[in-house]
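Chemist: Structure file start_16.cif (mmCIF, C-alpha atoms) right here:
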data_structure
#
loop_
_atom_site.group_PDB
_atom_site.id
_atom_site.type_symbol
_atom_site.label_atom_id
_atom_site.label_comp_id
_atom_site.auth_asym_id
_atom_site.auth_seq_id
_atom_site.Cartn_x
_atom_site.Cartn_y
_atom_site.Cartn_z
ATOM 1 C CA MET A 38 -64.770 67.233 147.298
ATOM 2 C CA ILE A 39 -63.889 63.740 148.513
ATOM 3 C CA ASP A 40 -64.134 62.347 152.054
ATOM 4 C CA PHE A 41 -60.539 61.172 152.465
ATOM 5 C CA TYR A 42 -57.174 61.854 150.879
ATOM 6 C CA THR A 43 -54.053 59.783 150.250
ATOM 7 C CA VAL A 44 -51.022 61.371 151.902
ATOM 8 C CA ILE A 45 -47.339 60.574 151.695
ATOM 9 C CA LEU A 46 -45.188 61.747 154.584
ATOM 10 C CA LYS A 47 -41.487 62.314 154.110
ATOM 11 C CA LYS A 48 -38.898 63.193 156.721
ATOM 12 C CA SER A 49 -36.812 66.082 155.429
ATOM 13 C CA ALA A 50 -34.079 67.534 157.635
ATOM 14 C CA LYS A 51 -35.860 68.688 160.823
ATOM 15 C CA TYR A 52 -39.365 68.581 159.367
ATOM 16 C CA TRP A 53 -41.998 66.182 158.110
ATOM 17 C CA VAL A 54 -43.575 67.082 154.785
ATOM 18 C CA SER A 55 -47.020 65.725 153.955
ATOM 19 C CA LEU A 56 -48.070 65.582 150.300
ATOM 20 C CA CYS A 57 -51.644 64.943 149.163
ATOM 21 C CA LEU A 58 -51.774 62.796 146.018
ATOM 22 C CA GLU A 59 -55.273 63.916 145.006
ATOM 23 C CA ASN A 60 -54.458 67.626 144.755
ATOM 24 C CA GLY A 61 -50.706 68.221 145.263
ATOM 25 C CA LEU A 62 -51.144 70.297 148.420
ATOM 26 C CA VAL A 63 -48.471 70.058 151.118
ATOM 27 C CA GLY A 64 -48.060 70.613 154.842
ATOM 28 C CA GLN A 65 -44.825 70.875 156.826
ATOM 29 C CA ASP A 66 -44.081 70.733 160.550
ATOM 30 C CA PRO A 67 -41.713 69.063 163.054
ATOM 31 C CA THR A 68 -43.968 66.031 163.658
ATOM 32 C CA PRO A 69 -45.984 63.867 161.256
ATOM 33 C CA GLU A 70 -49.236 64.697 163.060
ATOM 34 C CA GLN A 71 -48.623 68.460 162.943
ATOM 35 C CA SER A 72 -47.648 68.192 159.286
ATOM 36 C CA ILE A 73 -50.924 66.404 158.538
ATOM 37 C CA ASP A 74 -52.840 69.048 160.510
ATOM 38 C CA LYS A 75 -51.245 71.752 158.327
ATOM 39 C CA LEU A 76 -52.184 69.764 155.243
ATOM 40 C CA LYS A 77 -55.784 69.425 156.456
ATOM 41 C CA GLN A 78 -55.922 73.205 156.896
ATOM 42 C CA ALA A 79 -54.621 73.662 153.361
ATOM 43 C CA ILE A 80 -57.190 71.187 151.997
ATOM 44 C CA GLU A 81 -60.029 72.956 153.826
ATOM 45 C CA SER A 82 -58.890 76.368 152.546
ATOM 46 C CA PHE A 83 -58.509 75.047 149.021
ATOM 47 C CA SER A 84 -61.943 73.395 149.171
ATOM 48 C CA GLU A 85 -63.588 76.684 150.114
ATOM 49 C CA VAL A 86 -61.946 78.484 147.200
ATOM 50 C CA TYR A 87 -62.586 75.619 144.770
ATOM 51 C CA GLU A 88 -66.300 75.602 145.563
ATOM 52 C CA SER A 89 -66.690 79.385 145.353
ATOM 53 C CA GLU A 90 -64.536 80.154 142.294
ATOM 54 C CA SER A 91 -65.138 78.885 138.779
ATOM 55 C CA ASP A 92 -61.565 79.223 137.500
ATOM 56 C CA VAL A 93 -59.684 77.119 140.087
ATOM 57 C CA TYR A 94 -57.933 74.059 138.674
ATOM 58 C CA LEU A 95 -57.913 70.711 140.511
ATOM 59 C CA CYS A 96 -55.753 67.815 139.344
ATOM 60 C CA PRO A 97 -54.193 64.754 140.984
ATOM 61 C CA LEU A 98 -50.435 64.693 141.351
ATOM 62 C CA SER A 99 -48.627 63.336 138.311
ATOM 63 C CA ILE A 100 -46.204 60.421 138.533
ATOM 64 C CA ASN A 101 -43.349 62.786 137.645
ATOM 65 C CA GLU A 102 -44.247 65.131 140.511
ATOM 66 C CA LEU A 103 -44.507 62.189 142.921
ATOM 67 C CA HIS A 104 -41.134 60.890 141.766
ATOM 68 C CA GLU A 105 -39.581 64.322 142.294
ATOM 69 C CA PHE A 106 -41.029 64.510 145.826
ATOM 70 C CA LEU A 107 -39.719 61.072 146.727
ATOM 71 C CA THR A 108 -36.249 61.501 145.235
ATOM 72 C CA LEU A 109 -35.476 65.183 145.843
ATOM 73 C CA GLU A 110 -31.981 65.328 147.293
ATOM 74 C CA ASP A 111 -31.490 67.102 150.601
ATOM 75 C CA ALA A 112 -28.279 67.191 152.612
ATOM 76 C CA GLU A 113 -30.084 66.007 155.755
ATOM 77 C CA ALA A 114 -32.927 64.057 154.152
ATOM 78 C CA SER A 115 -33.712 60.528 155.176
ATOM 79 C CA ASP A 116 -35.411 57.678 153.376
ATOM 80 C CA THR A 117 -38.291 57.681 155.868
ATOM 81 C CA TYR A 118 -41.711 57.671 154.216
ATOM 82 C CA GLU A 119 -45.224 56.904 155.374
ATOM 83 C CA LEU A 120 -48.449 56.472 153.436
ATOM 84 C CA ARG A 121 -51.665 57.431 155.236
ATOM 85 C CA LYS A 122 -55.353 57.830 154.611
ATOM 86 C CA VAL A 123 -56.429 61.241 155.939
ATOM 87 C CA TYR A 124 -59.955 62.467 156.501
ATOM 88 C CA ALA A 125 -60.427 66.171 155.875
#
For this file, produce the structure as structure tokens.

Modeler:
Amino acid sequence: MIDFYTVILKKSAKYWVSLCLENGLVGQDPTPEQSIDKLKQAIESFSEVYESESDVYLCPLSINELHEFLTLEDAEASDTYELRKVYA
């Protein structure tokens, strides 16, 4: 696995959603930091399974999936985004 991941954070209603571009995993929580912590947990769990199983698929997020994440309509969504480098 890699040392760091590229993460996009998006404010959605009452939560922040963090999306990892390298593997499509997400985390969600009320604050950006908690959302990233959830994402780190997901990355660590995925890494364990990926290394121990031979039939687990790993693929970076496609442009279409990124576009959907960034433009998904939500009644209370905002246009607040952040791009971060996350070590996991």

Chemist: Find the residue from A:Ala50, A:Val63, A:Val123, A:Ile100 that sits nearest to Ala79 (chain A); use all atoms listed in the file when measuring.

Modeler: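 Closest candidate: A:Val63.
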
Chemist: Leaving out Leu76 (chain A) and any residue of its chain fewer than 2 positions from it, which residues lie within 7 Å of it when counting all atoms listed in the file, given as a list of chain:residue names?

Modeler: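 Surrounding residues, per the criterion: A:Ser55, A:Leu62, A:Val63, A:Gly64, A:Ser72, A:Ile73, A:Asp74, A:Gln78, A:Ala79, A:Ile80.
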
Chemist: When you look at Phe83 (chain A) with a cut-off of 12 Å (counting all atoms listed in the file), what residues show up, excluding the ones that are within fewer than 2 positions of it in the same chain? I need them as a list in words.

Modeler: Met38, Asn60, Gly61, Leu62, Val63, Leu76, Lys77, Gln78, Ala79, Ile80, Glu81, Glu85, Val86, Tyr87, Glu88, Ser89, Glu90, Val93, Tyr94, Leu95 and Ala125 of chain A

Chemist: List every protein, DNA or RNA residue that has at least one atom no more than 6 Å from (-59.1, 63.9, 150.1) in the file's coordinates, counting all atoms listed in the file, and write the result as a PyMOL selection string.

Modeler: chain A and resi 39-42

Chemist: Run the PyMOL selection byres ((chain A and resi 65-69) around 6) mentally over the shown coordinates, then write out the matched residues as a list in words, using the chain letters and numbers from the document.

Modeler: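 Checking the PyMOL selection byres ((chain A and resi 65-69) around 6) against this file, the residues are Tyr52, Trp53, Val54, Gly64, Glu70, Gln71 and Ser72 of chain A.
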
Chemist: Take the residues from that selection and put them in a file with C-alpha atoms, as a JSON list (two decimals), in the frame of the given file.

Modeler:
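Okay, out.json is ready:
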[["chain", "number", "residue", "atom", "x", "y", "z"],
["A", 52, "TYR", "CA", -39.36, 68.58, 159.37],
["A", 53, "TRP", "CA", -42.00, 66.18, 158.11],
["A", 54, "VAL", "CA", -43.58, 67.08, 154.78],
["A", 64, "GLY", "CA", -48.06, 70.61, 154.84],
["A", 70, "GLU", "CA", -49.24, 64.70, 163.06],
["A", 71, "GLN", "CA", -48.62, 68.46, 162.94],
["A", 72, "SER", "CA", -47.65, 68.19, 159.29]]

Chemist: Quick one: distance from CA of Thr108 (chain A) to CA of Tyr124 (chain A) in Å, one decimal?

Modeler: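 If I compute the distance from CA of Thr108 (chain A) to CA of Tyr124 (chain A), I get 26.3 Å.
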
Chemist: State, in Å with one decimal place, the distance from CA of Ile45 (chain A) to CA of Leu109 (chain A).

Modeler: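 Distance between the two atoms: 14.0 Å.
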
Chemist: What separation in Å, quoted to one decimal, exists between CA of Lys51 (chain A) and CA of Arg121 (chain A)?

Modeler: 20.2 Å

Chemist: I want to know what sits within 6 Å of Leu58 (chain A), based on all atoms listed in the file, with residues of the same chain fewer than 4 positions away left out; could you give that as a ChimeraX atom specification?

Modeler: /A:43,97-98

Chemist: Report as a PyMOL selection string the full result of the PyMOL selection byres ((chain A and resi 118) around 9) when it is applied to this structure.

Modeler: chain A and resi 45-48+107+115-117+119-120

Chemist: Edge lengths and centre in Å to one decimal, as AutoDock Vina command-line options, of the axis-aligned box that encloses all listed atoms of region 100-111 of chain A with 3 Å added on every side?

Modeler:
--center_x -38.8 --center_y 63.8 --center_z 144.1 --size_x 20.7 --size_y 12.7 --size_z 19.0

Chemist: Got a minute to add all heavy atoms to region 42-53 of chain A and dump it as a PDB file, keeping the file's coordinate frame?

Modeler:
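To be explicit, this is the file written out as rebuild_31.pdb:
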ATOM      1  N   TYR A  42     -58.273  61.572 151.789  1.00  0.00           N
ATOM      2  CA  TYR A  42     -57.174  61.854 150.879  1.00  0.00           C
ATOM      3  C   TYR A  42     -56.019  60.904 151.156  1.00  0.00           C
ATOM      4  O   TYR A  42     -55.817  60.470 152.284  1.00  0.00           O
ATOM      5  CB  TYR A  42     -56.703  63.305 151.056  1.00  0.00           C
ATOM      6  CG  TYR A  42     -57.785  64.299 150.726  1.00  0.00           C
ATOM      7  CD1 TYR A  42     -58.688  64.719 151.685  1.00  0.00           C
ATOM      8  CD2 TYR A  42     -57.923  64.789 149.435  1.00  0.00           C
ATOM      9  CE1 TYR A  42     -59.698  65.617 151.374  1.00  0.00           C
ATOM     10  CE2 TYR A  42     -58.928  65.689 149.122  1.00  0.00           C
ATOM     11  CZ  TYR A  42     -59.807  66.087 150.095  1.00  0.00           C
ATOM     12  OH  TYR A  42     -60.808  66.971 149.781  1.00  0.00           O
ATOM     13  N   THR A  43     -55.234  60.614 150.125  1.00  0.00           N
ATOM     14  CA  THR A  43     -54.053  59.783 150.250  1.00  0.00           C
ATOM     15  C   THR A  43     -52.857  60.704 150.450  1.00  0.00           C
ATOM     16  O   THR A  43     -52.618  61.601 149.646  1.00  0.00           O
ATOM     17  CB  THR A  43     -53.850  58.936 148.982  1.00  0.00           C
ATOM     18  OG1 THR A  43     -55.071  58.286 148.671  1.00  0.00           O
ATOM     19  CG2 THR A  43     -52.742  57.921 149.196  1.00  0.00           C
ATOM     20  N   VAL A  44     -52.111  60.473 151.531  1.00  0.00           N
ATOM     21  CA  VAL A  44     -51.022  61.371 151.902  1.00  0.00           C
ATOM     22  C   VAL A  44     -49.731  60.577 152.042  1.00  0.00           C
ATOM     23  O   VAL A  44     -49.710  59.506 152.646  1.00  0.00           O
ATOM     24  CB  VAL A  44     -51.349  62.083 153.233  1.00  0.00           C
ATOM     25  CG1 VAL A  44     -50.175  62.917 153.702  1.00  0.00           C
ATOM     26  CG2 VAL A  44     -52.593  62.939 153.086  1.00  0.00           C
ATOM     27  N   ILE A  45     -48.678  61.132 151.494  1.00  0.00           N
ATOM     28  CA  ILE A  45     -47.339  60.574 151.695  1.00  0.00           C
ATOM     29  C   ILE A  45     -46.587  61.533 152.603  1.00  0.00           C
ATOM     30  O   ILE A  45     -46.556  62.739 152.367  1.00  0.00           O
ATOM     31  CB  ILE A  45     -46.581  60.408 150.369  1.00  0.00           C
ATOM     32  CG1 ILE A  45     -47.279  59.373 149.509  1.00  0.00           C
ATOM     33  CG2 ILE A  45     -45.131  60.018 150.630  1.00  0.00           C
ATOM     34  CD1 ILE A  45     -46.597  59.099 148.207  1.00  0.00           C
ATOM     35  N   LEU A  46     -46.001  60.973 153.651  1.00  0.00           N
ATOM     36  CA  LEU A  46     -45.188  61.747 154.584  1.00  0.00           C
ATOM     37  C   LEU A  46     -43.728  61.439 154.333  1.00  0.00           C
ATOM     38  O   LEU A  46     -43.357  60.278 154.148  1.00  0.00           O
ATOM     39  CB  LEU A  46     -45.528  61.375 156.026  1.00  0.00           C
ATOM     40  CG  LEU A  46     -46.885  61.846 156.500  1.00  0.00           C
ATOM     41  CD1 LEU A  46     -47.392  60.981 157.606  1.00  0.00           C
ATOM     42  CD2 LEU A  46     -46.787  63.283 156.937  1.00  0.00           C
ATOM     43  N   LYS A  47     -42.918  62.483 154.335  1.00  0.00           N
ATOM     44  CA  LYS A  47     -41.487  62.314 154.110  1.00  0.00           C
ATOM     45  C   LYS A  47     -40.730  63.123 155.145  1.00  0.00           C
ATOM     46  O   LYS A  47     -41.024  64.291 155.371  1.00  0.00           O
ATOM     47  CB  LYS A  47     -41.121  62.810 152.712  1.00  0.00           C
ATOM     48  CG  LYS A  47     -39.634  62.746 152.400  1.00  0.00           C
ATOM     49  CD  LYS A  47     -39.350  63.287 151.012  1.00  0.00           C
ATOM     50  CE  LYS A  47     -37.865  63.271 150.733  1.00  0.00           C
ATOM     51  NZ  LYS A  47     -37.563  63.813 149.412  1.00  0.00           N
ATOM     52  N   LYS A  48     -39.774  62.496 155.784  1.00  0.00           N
ATOM     53  CA  LYS A  48     -38.898  63.193 156.721  1.00  0.00           C
ATOM     54  C   LYS A  48     -37.858  63.951 155.919  1.00  0.00           C
ATOM     55  O   LYS A  48     -37.175  63.383 155.070  1.00  0.00           O
ATOM     56  CB  LYS A  48     -38.229  62.183 157.654  1.00  0.00           C
ATOM     57  CG  LYS A  48     -37.280  62.790 158.639  1.00  0.00           C
ATOM     58  CD  LYS A  48     -38.014  63.437 159.766  1.00  0.00           C
ATOM     59  CE  LYS A  48     -37.009  63.838 160.846  1.00  0.00           C
ATOM     60  NZ  LYS A  48     -37.473  64.914 161.659  1.00  0.00           N
ATOM     61  N   SER A  49     -37.755  65.250 156.156  1.00  0.00           N
ATOM     62  CA  SER A  49     -36.812  66.082 155.429  1.00  0.00           C
ATOM     63  C   SER A  49     -36.119  67.007 156.420  1.00  0.00           C
ATOM     64  O   SER A  49     -36.754  67.910 156.962  1.00  0.00           O
ATOM     65  CB  SER A  49     -37.543  66.894 154.358  1.00  0.00           C
ATOM     66  OG  SER A  49     -36.650  67.718 153.665  1.00  0.00           O
ATOM     67  N   ALA A  50     -34.856  66.772 156.655  1.00  0.00           N
ATOM     68  CA  ALA A  50     -34.079  67.534 157.635  1.00  0.00           C
ATOM     69  C   ALA A  50     -34.791  67.490 158.982  1.00  0.00           C
ATOM     70  O   ALA A  50     -34.993  66.426 159.524  1.00  0.00           O
ATOM     71  CB  ALA A  50     -33.828  68.947 157.138  1.00  0.00           C
ATOM     72  N   LYS A  51     -35.215  68.634 159.507  1.00  0.00           N
ATOM     73  CA  LYS A  51     -35.860  68.688 160.823  1.00  0.00           C
ATOM     74  C   LYS A  51     -37.374  68.626 160.732  1.00  0.00           C
ATOM     75  O   LYS A  51     -38.062  68.728 161.751  1.00  0.00           O
ATOM     76  CB  LYS A  51     -35.458  69.972 161.536  1.00  0.00           C
ATOM     77  CG  LYS A  51     -33.978  70.087 161.796  1.00  0.00           C
ATOM     78  CD  LYS A  51     -33.641  71.403 162.434  1.00  0.00           C
ATOM     79  CE  LYS A  51     -32.137  71.553 162.590  1.00  0.00           C
ATOM     80  NZ  LYS A  51     -31.787  72.844 163.148  1.00  0.00           N
ATOM     81  N   TYR A  52     -37.920  68.498 159.548  1.00  0.00           N
ATOM     82  CA  TYR A  52     -39.365  68.581 159.367  1.00  0.00           C
ATOM     83  C   TYR A  52     -39.936  67.343 158.689  1.00  0.00           C
ATOM     84  O   TYR A  52     -39.233  66.622 157.996  1.00  0.00           O
ATOM     85  CB  TYR A  52     -39.722  69.804 158.513  1.00  0.00           C
ATOM     86  CG  TYR A  52     -39.398  71.097 159.199  1.00  0.00           C
ATOM     87  CD1 TYR A  52     -38.207  71.753 158.962  1.00  0.00           C
ATOM     88  CD2 TYR A  52     -40.287  71.651 160.105  1.00  0.00           C
ATOM     89  CE1 TYR A  52     -37.902  72.942 159.610  1.00  0.00           C
ATOM     90  CE2 TYR A  52     -40.001  72.833 160.761  1.00  0.00           C
ATOM     91  CZ  TYR A  52     -38.806  73.474 160.507  1.00  0.00           C
ATOM     92  OH  TYR A  52     -38.515  74.638 161.157  1.00  0.00           O
ATOM     93  N   TRP A  53     -41.229  67.151 158.866  1.00  0.00           N
ATOM     94  CA  TRP A  53     -41.998  66.182 158.110  1.00  0.00           C
ATOM     95  C   TRP A  53     -42.796  66.962 157.081  1.00  0.00           C
ATOM     96  O   TRP A  53     -43.380  67.997 157.392  1.00  0.00           O
ATOM     97  CB  TRP A  53     -42.948  65.416 159.021  1.00  0.00           C
ATOM     98  CG  TRP A  53     -42.258  64.348 159.796  1.00  0.00           C
ATOM     99  CD1 TRP A  53     -41.645  64.490 161.008  1.00  0.00           C
ATOM    100  CD2 TRP A  53     -42.091  62.989 159.408  1.00  0.00           C
ATOM    101  NE1 TRP A  53     -41.111  63.289 161.400  1.00  0.00           N
ATOM    102  CE2 TRP A  53     -41.380  62.352 160.442  1.00  0.00           C
ATOM    103  CE3 TRP A  53     -42.485  62.242 158.302  1.00  0.00           C
ATOM    104  CZ2 TRP A  53     -41.045  61.006 160.383  1.00  0.00           C
ATOM    105  CZ3 TRP A  53     -42.154  60.907 158.264  1.00  0.00           C
ATOM    106  CH2 TRP A  53     -41.439  60.295 159.288  1.00  0.00           C
TER     107      TRP A  53
END
